[in-house]
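Shown below: start-v9.tsv, with TSV, C-alpha atoms and all ligand atoms.
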chain	number	residue	atom	x	y	z
A	4	MET	CA	161.61	135.86	89.39
A	5	LYS	CA	159.94	135.37	86.05
A	6	LEU	CA	156.39	135.83	87.21
A	7	LYS	CA	154.00	138.16	85.46
A	8	SER	CA	151.96	138.59	88.58
A	9	SER	CA	152.76	137.86	92.13
A	10	LEU	CA	151.03	137.99	95.42
A	11	ILE	CA	152.10	139.23	98.79
A	12	LEU	CA	150.74	137.06	101.51
A	13	LEU	CA	150.51	138.30	105.03
A	14	VAL	CA	150.79	135.77	107.78
A	15	GLY	CA	148.06	135.70	110.37
A	16	SER	CA	144.82	134.06	111.21
A	17	MET	CA	143.26	135.78	108.21
A	18	VAL	CA	145.10	135.89	104.93
A	19	SER	CA	145.30	139.07	102.92
A	20	ILE	CA	146.06	138.88	99.25
A	21	SER	CA	146.85	141.77	96.98
A	22	ALA	CA	148.38	142.02	93.56
A	23	CYS	CA	151.67	143.88	93.60
A	24	THR	CA	155.20	143.74	92.34
A	25	ASN	CA	157.46	141.13	93.75
A	26	ASN	CA	159.93	142.71	96.10
A	27	SER	CA	159.19	140.92	99.31
A	28	SER	CA	160.66	137.87	100.96
A	29	ASN	CA	157.11	136.85	101.86
A	30	VAL	CA	156.18	136.04	98.31
A	31	SER	CA	154.41	132.76	97.91
A	32	ASN	CA	154.92	130.46	94.99
A	33	VAL	CA	152.32	131.08	92.33
A	34	PRO	CA	151.80	129.21	89.07
A	35	GLN	CA	154.73	129.73	86.73
A	36	ASP	CA	152.93	129.48	83.43
A	37	SER	CA	151.62	132.89	82.46
A	38	SER	CA	149.04	131.25	80.19
A	39	ASN	CA	147.23	130.01	83.28
A	40	GLN	CA	145.05	132.47	85.13
A	41	VAL	CA	145.80	132.58	88.84
A	42	ASN	CA	142.69	131.74	90.79
A	43	ILE	CA	143.10	133.99	93.82
A	44	SER	CA	140.76	132.02	96.05
A	45	SER	CA	142.66	128.81	95.37
A	46	VAL	CA	146.09	130.24	96.20
A	47	ARG	CA	147.41	128.95	99.45
A	48	ALA	CA	149.32	131.24	101.74
A	49	ASP	CA	151.55	130.65	104.71
A	50	HIS	CA	148.33	129.85	106.57
A	51	VAL	CA	148.81	126.51	108.25
A	52	VAL	CA	146.26	124.88	110.50
A	53	GLN	CA	146.35	121.80	112.66
A	54	ILE	CA	143.22	119.75	112.02
A	55	LYS	CA	141.75	117.51	114.70
A	56	LEU	CA	140.75	114.13	113.26
A	57	LYS	CA	137.86	112.12	114.70
A	58	ASN	CA	138.44	109.05	112.58
A	59	PRO	CA	141.97	109.43	111.19
A	60	ALA	CA	141.77	106.65	108.58
A	61	LYS	CA	138.53	107.98	107.11
A	62	ASP	CA	139.31	111.68	107.57
A	63	LEU	CA	142.77	111.51	105.96
A	64	ILE	CA	141.37	109.82	102.85
A	65	SER	CA	138.55	112.33	102.72
A	66	LEU	CA	140.85	115.37	103.03
A	67	SER	CA	143.55	114.07	100.69
A	68	THR	CA	141.07	113.25	97.95
A	69	LYS	CA	139.55	116.72	98.38
A	70	ASN	CA	142.93	118.12	97.44
A	71	PHE	CA	144.08	119.45	100.80
A	72	ASP	CA	147.85	119.97	101.18
A	73	LEU	CA	148.41	117.67	104.16
A	74	PHE	CA	151.57	117.02	106.15
A	75	GLY	CA	152.87	116.24	109.62
A	76	TYR	CA	150.27	113.66	110.64
A	77	LYS	CA	150.58	112.79	114.31
A	78	VAL	CA	149.21	109.34	115.05
A	79	LYS	CA	148.80	109.61	118.82
A	80	GLN	CA	147.46	113.15	118.85
A	81	LYS	CA	145.16	112.39	115.87
A	82	THR	CA	146.07	115.65	114.14
A	83	VAL	CA	147.30	116.58	110.70
A	84	ASN	CA	148.62	119.91	109.43
A	85	ALA	CA	147.41	121.57	106.25
A	86	ARG	CA	148.26	124.72	104.36
A	87	ILE	CA	144.93	126.21	103.39
A	88	SER	CA	143.37	128.90	101.26
A	89	THR	CA	140.37	130.89	102.46
A	90	ASP	CA	138.11	128.63	100.35
A	91	GLU	CA	139.57	125.60	102.01
A	92	GLN	CA	139.14	127.13	105.45
A	93	ASN	CA	135.43	127.46	104.70
A	94	LYS	CA	135.33	123.94	103.32
A	95	LEU	CA	136.94	122.54	106.47
A	96	THR	CA	134.32	124.28	108.59
A	97	SER	CA	131.46	123.04	106.44
A	98	LEU	CA	132.83	119.50	106.65
A	99	GLY	CA	132.66	119.78	110.44
A	100	PHE	CA	136.41	119.73	111.15
A	101	LYS	CA	137.87	121.57	114.12
A	102	PHE	CA	141.23	123.25	113.52
A	103	ASN	CA	143.66	125.71	115.08
A	104	ASP	CA	146.14	128.08	113.53
A	105	THR	CA	149.68	126.87	113.82
A	106	LEU	CA	153.07	128.05	112.66
A	107	GLU	CA	155.09	126.00	110.22
A	108	GLN	CA	158.62	126.25	111.56
A	109	ASN	CA	160.94	128.58	109.65
A	110	VAL	CA	158.59	129.17	106.70
A	111	ALA	CA	157.16	132.60	107.39
A	112	GLY	CA	159.41	135.28	105.98
A	113	SER	CA	161.83	132.76	104.57
A	114	SER	CA	164.22	134.09	101.98
A	115	GLY	CA	165.90	130.89	100.86
A	116	LEU	CA	167.76	128.16	102.66
A	117	LEU	CA	168.48	128.15	106.36
A	118	PRO	CA	172.08	128.34	107.63
A	119	GLY	CA	173.94	125.05	107.21
A	120	TYR	CA	172.03	123.75	104.18
A	121	MET	CA	173.66	123.12	100.81
A	122	SER	CA	172.31	124.77	97.70
A	123	TYR	CA	171.89	122.62	94.59
A	124	ALA	CA	175.20	123.99	93.25
A	125	GLN	CA	176.98	123.32	96.55
A	126	MET	CA	175.59	119.79	96.60
A	127	LYS	CA	177.13	119.08	93.19
A	128	SER	CA	180.50	120.48	94.34
A	129	LYS	CA	180.32	118.32	97.45
A	130	LEU	CA	179.63	115.16	95.42
A	131	ASP	CA	182.57	115.97	93.10
A	132	MET	CA	184.81	116.52	96.12
A	133	LEU	CA	183.80	113.18	97.62
A	134	VAL	CA	184.55	111.38	94.37
A	135	ALA	CA	187.94	113.11	94.17
A	136	GLN	CA	188.74	111.73	97.63
A	137	ASN	CA	188.40	108.14	96.44
A	138	PRO	CA	187.64	107.72	92.72
A	139	ALA	CA	188.28	103.99	93.02
A	140	ILE	CA	184.96	103.55	94.84
A	141	ALA	CA	182.84	106.53	93.76
A	142	ALA	CA	181.54	108.19	90.59
A	143	VAL	CA	179.01	110.91	89.82
A	144	THR	CA	176.65	110.47	86.85
A	145	ASN	CA	174.26	112.78	85.04
A	146	ILE	CA	171.02	110.79	84.90
A	147	GLY	CA	169.00	113.41	83.02
A	148	GLY	CA	167.90	116.99	82.77
A	149	THR	CA	164.93	118.62	84.46
A	150	TRP	CA	161.81	120.05	82.81
A	151	GLU	CA	163.40	123.51	82.63
A	152	LYS	CA	166.51	122.07	81.02
A	153	THR	CA	164.47	120.25	78.38
A	154	GLN	CA	162.76	123.59	77.66
A	155	GLY	CA	166.12	125.30	77.15
A	156	LYS	CA	165.48	127.53	80.17
A	157	SER	CA	167.99	126.26	82.73
A	158	PRO	CA	170.84	124.42	81.00
A	159	ASN	CA	172.59	123.55	84.27
A	160	ASN	CA	169.62	121.84	85.93
A	161	ILE	CA	170.79	118.25	85.90
A	162	ILE	CA	169.84	115.37	88.18
A	163	TRP	CA	172.97	113.81	89.65
A	164	SER	CA	173.52	110.32	90.97
A	165	ILE	CA	176.51	109.14	92.97
A	166	ASN	CA	177.51	105.49	92.80
A	167	ILE	CA	179.54	103.97	95.61
A	168	SER	CA	181.03	100.50	95.31
A	169	SER	CA	184.34	98.78	94.72
A	170	LYS	CA	184.15	99.29	91.01
A	171	LYS	CA	185.39	96.15	89.32
A	172	THR	CA	182.23	94.10	89.79
A	173	ALA	CA	179.82	96.81	90.91
A	174	ASP	CA	177.07	95.86	88.48
A	175	LYS	CA	177.14	92.24	89.66
A	176	LYS	CA	176.61	93.15	93.30
A	177	PRO	CA	173.22	93.60	94.98
A	178	GLY	CA	172.15	97.14	94.23
A	179	SER	CA	170.33	99.74	96.29
A	180	LEU	CA	169.12	103.24	95.46
A	181	PHE	CA	168.46	106.08	97.88
A	182	ILE	CA	166.45	109.07	96.64
A	183	GLY	CA	165.95	112.52	98.16
A	184	GLY	CA	164.50	115.84	97.12
A	185	MET	CA	161.55	114.61	95.08
A	186	HIS	CA	159.53	117.33	96.80
A	187	ALA	CA	161.37	120.63	96.79
A	188	ARG	CA	160.20	122.09	100.10
A	189	GLU	CA	161.40	119.07	102.10
A	190	LEU	CA	164.87	120.24	103.07
A	191	ALA	CA	166.25	117.47	105.29
A	192	PRO	CA	166.29	114.45	102.91
A	193	PRO	CA	168.89	115.80	100.40
A	194	GLU	CA	171.21	116.65	103.31
A	195	ILE	CA	170.81	113.15	104.77
A	196	MET	CA	171.46	111.60	101.35
A	197	VAL	CA	174.74	113.51	100.99
A	198	LYS	CA	175.73	112.57	104.55
A	199	LEU	CA	175.12	108.92	103.64
A	200	ALA	CA	177.39	109.24	100.59
A	201	GLU	CA	180.02	111.06	102.61
A	202	THR	CA	180.02	108.44	105.37
A	203	LEU	CA	180.32	105.53	102.94
A	204	ILE	CA	183.21	107.16	101.06
A	205	THR	CA	185.20	108.65	103.93
A	206	GLN	CA	184.80	105.65	106.26
A	207	TYR	CA	185.76	103.12	103.60
A	208	GLY	CA	188.92	101.36	104.75
A	209	LYS	CA	188.46	102.71	108.28
A	210	ASP	CA	185.16	101.31	109.52
A	211	PRO	CA	185.07	97.53	108.89
A	212	ALA	CA	181.26	97.34	108.56
A	213	ILE	CA	181.19	100.16	106.00
A	214	THR	CA	184.15	98.73	104.12
A	215	GLN	CA	182.30	95.43	103.91
A	216	LEU	CA	179.16	97.13	102.54
A	217	VAL	CA	181.06	99.10	99.88
A	218	ASP	CA	182.95	95.94	98.87
A	219	THR	CA	179.86	93.75	98.59
A	220	ARG	CA	177.04	96.09	97.52
A	221	ASP	CA	176.38	98.52	94.67
A	222	ILE	CA	175.05	101.68	96.34
A	223	ASN	CA	173.44	104.53	94.39
A	224	ILE	CA	172.26	107.85	95.81
A	225	ILE	CA	170.26	110.56	94.02
A	226	PRO	CA	170.18	113.33	96.62
A	227	MET	CA	168.07	115.91	94.76
A	228	VAL	CA	165.54	114.91	92.09
A	229	ASN	CA	163.39	118.02	91.80
A	230	VAL	CA	166.16	120.48	90.96
A	231	ASP	CA	163.89	123.09	89.32
A	232	GLY	CA	161.59	123.13	92.35
A	233	ARG	CA	164.51	123.18	94.74
A	234	ILE	CA	165.95	126.28	93.06
A	235	GLN	CA	162.58	127.97	93.59
A	236	VAL	CA	162.89	127.17	97.30
A	237	GLU	CA	166.42	128.61	97.29
A	238	LYS	CA	164.94	131.80	95.80
A	239	GLY	CA	162.48	132.07	98.69
A	240	ASN	CA	159.43	130.07	97.54
A	241	ALA	CA	159.50	127.95	100.66
A	242	TRP	CA	156.29	126.04	99.89
A	243	GLN	CA	157.29	124.78	96.44
A	244	ARG	CA	156.64	121.02	96.35
A	245	LYS	CA	156.13	120.14	92.67
A	246	ASN	CA	158.33	120.75	89.65
A	247	THR	CA	157.89	123.99	87.67
A	248	HIS	CA	156.06	122.65	84.61
A	249	GLY	CA	152.92	124.82	84.26
A	250	GLN	CA	151.38	124.98	87.72
A	251	GLY	CA	153.72	122.16	88.70
A	252	VAL	CA	153.45	118.37	88.59
A	253	ASP	CA	153.87	116.22	91.68
A	254	LEU	CA	156.75	113.99	90.57
A	255	ASN	CA	155.80	111.40	93.15
A	256	ARG	CA	152.40	110.87	91.51
A	257	ASN	CA	153.73	110.80	87.94
A	258	PHE	CA	155.40	107.37	87.74
A	259	ASP	CA	154.12	104.79	85.29
A	260	SER	CA	152.45	102.50	87.78
A	261	HIS	CA	148.67	102.71	88.16
A	262	TRP	CA	149.01	106.39	87.25
A	263	ASN	CA	146.05	108.27	88.74
A	264	TYR	CA	144.76	104.89	90.01
A	265	ALA	CA	144.37	103.53	86.45
A	266	GLY	CA	143.37	99.88	86.45
A	267	LEU	CA	142.49	99.87	90.12
A	268	ASN	CA	139.05	99.41	91.59
A	269	VAL	CA	139.01	102.46	93.85
A	270	PRO	CA	136.37	105.06	94.75
A	271	ALA	CA	135.88	107.60	91.97
A	272	ASP	CA	136.87	110.58	94.12
A	273	TRP	CA	140.36	109.17	94.69
A	274	HIS	CA	141.18	110.44	91.20
A	275	ASP	CA	140.15	114.00	92.00
A	276	GLY	CA	143.19	115.12	93.97
A	277	ASP	CA	145.57	113.87	91.29
A	278	SER	CA	143.63	115.51	88.45
A	279	ASN	CA	143.54	119.10	89.70
A	280	GLN	CA	146.37	121.14	88.18
A	281	SER	CA	146.58	123.53	91.10
A	282	GLY	CA	146.63	120.71	93.64
A	283	GLU	CA	149.81	119.64	95.36
A	284	THR	CA	149.37	116.04	94.15
A	285	TYR	CA	148.61	116.86	90.50
A	286	SER	CA	149.83	113.82	88.58
A	287	GLY	CA	150.52	115.44	85.19
A	288	THR	CA	149.06	114.77	81.75
A	289	ALA	CA	150.33	111.21	81.33
A	290	PRO	CA	152.44	108.60	83.12
A	291	ALA	CA	156.10	109.70	83.22
A	292	SER	CA	155.24	112.93	81.39
A	293	GLU	CA	157.90	114.71	83.45
A	294	PRO	CA	161.60	114.46	82.50
A	295	GLU	CA	162.61	114.05	86.15
A	296	VAL	CA	160.40	110.97	86.44
A	297	LYS	CA	161.61	109.60	83.11
A	298	ALA	CA	165.20	109.97	84.35
A	299	ILE	CA	164.50	107.90	87.47
A	300	GLN	CA	162.56	105.27	85.53
A	301	ASP	CA	165.43	105.00	83.04
A	302	PHE	CA	167.83	104.64	85.94
A	303	TYR	CA	165.86	101.64	87.26
A	304	ALA	CA	165.85	100.13	83.78
A	305	THR	CA	169.63	100.40	83.39
A	306	LYS	CA	170.33	98.86	86.80
A	307	PRO	CA	169.05	95.28	86.70
A	308	ASN	CA	170.96	94.51	89.90
A	309	LEU	CA	168.77	96.88	91.98
A	310	ASN	CA	167.00	95.08	94.80
A	311	LEU	CA	165.99	97.98	97.02
A	312	VAL	CA	164.88	101.59	96.58
A	313	LEU	CA	164.28	104.01	99.45
A	314	ASP	CA	162.63	107.34	98.65
A	315	MET	CA	163.06	109.76	101.56
A	316	HIS	CA	160.56	112.56	102.24
A	317	SER	CA	159.67	114.84	105.11
A	318	TYR	CA	157.95	115.22	107.41
A	319	GLY	CA	156.43	112.83	109.95
A	320	GLU	CA	158.33	109.83	111.25
A	321	MET	CA	157.17	106.92	109.13
A	322	PHE	CA	158.48	104.00	107.10
A	323	PHE	CA	156.43	102.75	104.15
A	324	TRP	CA	156.32	99.56	102.16
A	325	PRO	CA	154.22	98.73	99.06
A	326	VAL	CA	151.60	99.24	97.91
A	327	GLY	CA	150.43	102.79	98.52
A	328	TYR	CA	146.84	102.33	97.40
A	329	SER	CA	145.83	99.34	99.51
A	330	ASN	CA	145.85	97.86	102.99
A	331	ASP	CA	145.90	94.33	101.58
A	332	ALA	CA	148.98	92.28	102.32
A	333	ILE	CA	151.32	91.49	99.44
A	334	PRO	CA	153.46	88.31	99.36
A	335	GLU	CA	156.41	90.20	100.86
A	336	THR	CA	154.55	92.00	103.67
A	337	ALA	CA	156.11	89.78	106.36
A	338	MET	CA	159.58	90.48	104.96
A	339	PHE	CA	158.97	94.24	104.97
A	340	LYS	CA	157.63	94.11	108.54
A	341	ASN	CA	160.75	92.23	109.54
A	342	ILE	CA	162.97	94.88	107.97
A	343	TYR	CA	160.99	97.57	109.77
A	344	ASN	CA	161.17	95.73	113.12
A	345	ASN	CA	164.95	95.53	112.76
A	346	SER	CA	165.40	99.17	111.81
A	347	PHE	CA	163.14	102.20	111.99
A	348	LYS	CA	160.83	100.73	114.64
A	349	ASN	CA	163.79	101.07	117.02
A	350	ILE	CA	163.67	104.85	116.62
A	351	ASN	CA	159.89	104.92	117.07
A	352	TYR	CA	158.95	105.45	113.45
A	353	GLN	CA	155.52	104.14	112.44
A	354	GLY	CA	155.59	101.40	109.79
A	355	GLY	CA	153.05	100.33	107.16
A	356	THR	CA	151.67	101.15	103.73
A	357	SER	CA	150.84	104.74	102.83
A	358	MET	CA	147.16	103.76	102.84
A	359	SER	CA	147.39	102.30	106.35
A	360	LEU	CA	149.43	105.16	107.86
A	361	LEU	CA	148.21	108.19	105.91
A	362	TYR	CA	146.07	108.11	102.79
A	363	PRO	CA	146.10	106.31	99.44
A	364	THR	CA	148.87	107.10	96.98
A	365	THR	CA	149.69	105.77	93.55
A	366	ALA	CA	152.25	106.28	90.76
A	367	THR	CA	154.91	106.90	93.40
A	368	THR	CA	158.52	105.93	92.78
A	369	ASP	CA	158.46	103.23	95.46
A	370	ASP	CA	155.30	101.60	94.08
A	371	TYR	CA	156.76	101.83	90.57
A	372	ALA	CA	159.92	100.06	91.78
A	373	TYR	CA	157.88	97.25	93.33
A	374	VAL	CA	155.13	96.88	90.73
A	375	LYS	CA	157.21	97.32	87.55
A	376	HIS	CA	160.60	95.98	88.59
A	377	HIS	CA	159.64	93.81	91.54
A	378	ILE	CA	162.23	95.29	93.85
A	379	MET	CA	161.81	96.47	97.43
A	380	GLY	CA	160.12	99.84	96.99
A	381	LEU	CA	160.37	101.65	100.30
A	382	GLY	CA	159.54	105.17	101.37
A	383	MET	CA	159.88	107.24	104.48
A	384	GLU	CA	159.04	110.55	106.11
A	385	VAL	CA	161.70	112.02	108.38
A	386	GLY	CA	161.78	114.83	110.91
A	387	GLN	CA	159.13	117.15	112.29
A	388	SER	CA	159.08	120.09	109.90
A	389	PHE	CA	159.85	120.98	106.28
A	390	ARG	CA	162.61	123.34	107.36
A	391	PRO	CA	164.27	122.07	110.52
A	392	ASN	CA	167.18	124.00	111.98
A	393	TYR	CA	170.39	122.35	110.81
A	394	SER	CA	171.20	121.01	114.28
A	395	GLU	CA	168.00	118.94	114.02
A	396	VAL	CA	169.22	117.48	110.72
A	397	GLU	CA	172.41	116.40	112.49
A	398	THR	CA	170.34	114.70	115.20
A	399	MET	CA	168.15	113.02	112.56
A	400	TRP	CA	171.21	111.74	110.74
A	401	THR	CA	172.62	110.20	113.94
A	402	GLN	CA	169.33	108.33	114.41
A	403	LEU	CA	168.87	107.33	110.79
A	404	LYS	CA	172.44	106.30	109.94
A	405	PRO	CA	172.47	102.75	111.43
A	406	ASN	CA	169.06	102.08	109.88
A	407	LEU	CA	170.06	103.27	106.42
A	408	LEU	CA	173.20	101.13	106.62
A	409	TYR	CA	170.95	98.22	107.61
A	410	LEU	CA	168.90	98.72	104.43
A	411	ILE	CA	172.11	98.55	102.37
A	412	LYS	CA	172.97	95.33	104.19
A	413	VAL	CA	169.60	93.70	103.40
A	414	SER	CA	169.63	94.90	99.80
A	415	ASN	CA	171.01	91.46	98.96
A	416	THR	CA	167.52	90.06	99.54
A	417	PRO	CA	165.76	89.54	96.23
A	418	VAL	CA	162.00	90.09	96.43
A	419	ALA	CA	161.27	87.25	94.05
A	420	ALA	CA	162.50	85.69	90.84
A	421	ARG	CA	162.07	88.21	88.04
A	501	ZN	ZN	157.40	114.46	99.97

Would you mind writing the structure in this file as structure tokens?
Amino acid sequence: MKLKSSLILLVGSMVSISACTNNSSNVSNVPQDSSNQVNISSVRADHVVQIKLKNPAKDLISLSTKNFDLFGYKVKQKTVNARISTDEQNKLTSLGFKFNDTLEQNVAGSSGLLPGYMSYAQMKSKLDMLVAQNPAIAAVTNIGGTWEKTQGKSPNNIIWSINISSKKTADKKPGSLFIGGMHARELAPPEIMVKLAETLITQYGKDPAITQLVDTRDINIIPMVNVDGRIQVEKGNAWQRKNTHGQGVDLNRNFDSHWNYAGLNVPADWHDGDSNQSGETYSGTAPASEPEVKAIQDFYATKPNLNLVLDMHSYGEMFFWPVGYSNDAIPETAMFKNIYNNSFKNINYQGGTSMSLLYPTTATTDDYAYVKHHIMGLGMEVGQSFRPNYSEVETMWTQLKPNLLYLIKVSNTPVAAR
């Protein structure tokens, strides 16, 4: 740990905070940049509450724009989870919300990854091993370094992409891109991304449907974008979501597409959540200010055959199509609904825009893909916790696999003439 000060956080209905040396596995993530003063009252602990929503659409917008760290929205139960500071607990009460303490599965006392999960280093070894099994159809590429690498701090922190296709005419085939690990604390998506790569490579020549996909599509998978943040999680900072630049930037609010709602006619307070450095959706100092985001944007630019991007997050069970900041239909809404009806609806995922299912978002990678490159920019939330036991990841994969293969199949559908 390179922190000048650290905090021990005790789990319970009340949160105790005291300055001390860092020798506990219960150490929360605190801002990394020693030039920033840590505001004790704003530090969130392992204190998670389940908030009862009266009017979910209105309440979710209200809470997200007030900078609450929201996750695990349950549509039928009308509840959402939030990790809160003591200030935020008071704020919730004053806003009239009812809430109960809850436990976020496998977070309290965490000291790294759970059994079964791959570390960043193990993920890279696994990708190399898969390529070695069939180099004729697979290759691993360095698509850029992380913030820490650009600062000379962590020379090995590289974002890796694996390409899977019969190589001769790969760049002329309809392309798709699957992204995981944009948010460090979300453990299931990188595992599912590697399972997807493994299935495509090891079943090639055995399973006729997969052989057909690899022969006729250009498939790209970036299993772990936020490598710096992920390594923090591996060190025990289970709540780390953002990268490690200053107090952290939310990579999925930093893309160059209506960054911080620029150019959109939206309520003024929508900007607030994205502008607060300590917030979990802090959007950075400028569009694509973060090297991780630049790397993904450059990847889109060098792949003119891309037709479809799926960015996988956790948790909740939802499938998103563009655009994140509006409920208004876009010309392709019927097409996206059709894709949803033929895929994730069958496993009871909710489908819609981020705005219609959760709260407004902008400058996300899926909106960027749609708005800037006019390709299918899709997102999803999988699972029911940030840190599911590995057996749950296996179950998730079994459910998701046919639907992810379906997305590869329909990636030959151009959105519109470019
Ligand atoms: Zn996420």

Would you mind telling me which residue in A:Pro270, A:His248, A:Lys412, A:Leu311 lies nearest to Gln154 of chain A when using all atoms listed in the file?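 Going through A:Pro270, A:His248, A:Lys412, A:Leu311 one by one, the smallest distance to Gln154 of chain A is for A:His248.
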
Expressed in Å to a single decimal, how great is the separation between atom CA of Gly319 of chain A and atom CA of Ser388 of chain A? 7.7 Å

Could you jot down the atom CA of Asp221 of chain A to atom CA of Asp301 of chain A separation for me, Å, one decimal place? 17.2 Å

Distance atom CA of Gln353 of chain A-atom CA of Met321 of chain A, one decimal place? 4.6 Å

Against ligand ZN 501 (chain A), which residues of chain A fall within 10 Å? For each one I want the closest pair of atoms and the distance in Å (one decimal), counting only C-alpha atoms and all ligand atoms, rows by chain and increasing residue number, as CSV.
residue,atom,partner,partner_atom,distance
A:Phe74,CA,A:ZN501,ZN,8.9
A:Gly183,CA,A:ZN501,ZN,9.0
A:Gly184,CA,A:ZN501,ZN,7.8
A:Met185,CA,A:ZN501,ZN,6.4
A:His186,CA,A:ZN501,ZN,4.8
A:Ala187,CA,A:ZN501,ZN,8.0
A:Arg188,CA,A:ZN501,ZN,8.1
A:Glu189,CA,A:ZN501,ZN,6.5
A:Leu190,CA,A:ZN501,ZN,9.9
A:Pro192,CA,A:ZN501,ZN,9.4
A:Arg244,CA,A:ZN501,ZN,7.5
A:Lys245,CA,A:ZN501,ZN,9.3
A:Asp253,CA,A:ZN501,ZN,9.2
A:Leu254,CA,A:ZN501,ZN,9.4
A:Asn255,CA,A:ZN501,ZN,7.6
A:Asp314,CA,A:ZN501,ZN,8.9
A:Met315,CA,A:ZN501,ZN,7.5
A:His316,CA,A:ZN501,ZN,4.3
A:Ser317,CA,A:ZN501,ZN,5.6
A:Tyr318,CA,A:ZN501,ZN,7.5
A:Gly382,CA,A:ZN501,ZN,9.6
A:Met383,CA,A:ZN501,ZN,8.9
A:Glu384,CA,A:ZN501,ZN,7.5
A:Val385,CA,A:ZN501,ZN,9.8
A:Phe389,CA,A:ZN501,ZN,9.4

Using only C-alpha atoms, can you list as a list in words the residues within 9 Å of (136.1, 119.2, 110.0)?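 Every polymer residue passing the test: Ile54, Lys55, Leu56, Lys57, Asp62, Lys94, Leu95, Thr96, Ser97, Leu98, Gly99, Phe100, Lys101 and Phe102 of chain A.
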
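Comparing the minimum interatomic distances between Asn145 of chain A and each of A:Ile165, A:Ile333, A:Leu313, A:Met358, counting only C-alpha atoms, we find that A:Ile165 sits nearest.
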
Counting all atoms listed in the file, which of A:Lys127, A:Lys81, A:Lys152, A:Lys340 gets nearest to Ala60 of chain A? A:Lys81

Residues near Gly327 of chain A, anyone? I mean within 7 Å using all atoms listed in the file, not counting same-chain ones fewer than 5 positions away, as a short mmCIF file (atom, residue, chain, number, x, y, z; two decimals) with C-alpha atoms, in the coordinates of the input.
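Okay, this is what ended up in out-v8.cif:
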data_model
loop_
_atom_site.label_atom_id
_atom_site.label_comp_id
_atom_site.auth_asym_id
_atom_site.auth_seq_id
_atom_site.Cartn_x
_atom_site.Cartn_y
_atom_site.Cartn_z
CA THR A 356 151.67 101.15 103.73
CA SER A 357 150.84 104.74 102.83
CA MET A 358 147.16 103.76 102.84
CA PRO A 363 146.10 106.31 99.44
CA THR A 364 148.87 107.10 96.98
CA THR A 365 149.69 105.77 93.55
CA ASP A 370 155.30 101.60 94.08
#

Residues within 12 Å of Ala85 of chain A, only C-alpha atoms, excluding chain neighbours under 4 positions, as number ranges by chain: A: 47-55, 63, 66-67, 70-76, 91-92, 95, 102-107, 242, 283

Of the listed residues A:Ser414, A:Ser346, A:Thr284, A:Ser122, that which approaches Val312 of chain A most closely, counting all atoms listed in the file: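 Distance minimum relative to Val312 of chain A lands on A:Ser414.
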
Write out as a list in words the residues lying within 9 Å of His274 of chain A, counting only C-alpha atoms and excluding same-chain residues fewer than 2 positions away.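 Near neighbours after the sequence-gap exclusion: Thr68, Asn263, Tyr264, Ala265, Val269, Pro270, Ala271, Asp272, Gly276, Asp277 and Ser278 of chain A.
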
So which one's closest to Ala135 of chain A, A:Gly266, A:Thr153, A:Lys69, A:Glu201? Using all atoms listed in the file, please.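 Under the stated criterion, the closest residue is A:Glu201.
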
If we count all atoms listed in the file, what is near Pro118 of chain A at a cut-off of 12 Å, once residues fewer than 5 positions away on the same chain are taken out, given as a PyMOL selection string? chain A and resi 109+113+190+237+390-394+396

Could you check the closest approach to Ile213 of chain A for each of A:Ala291, A:Met196, A:Leu407, A:Val418 and tell me which residue wins, using only C-alpha atoms? A:Leu407
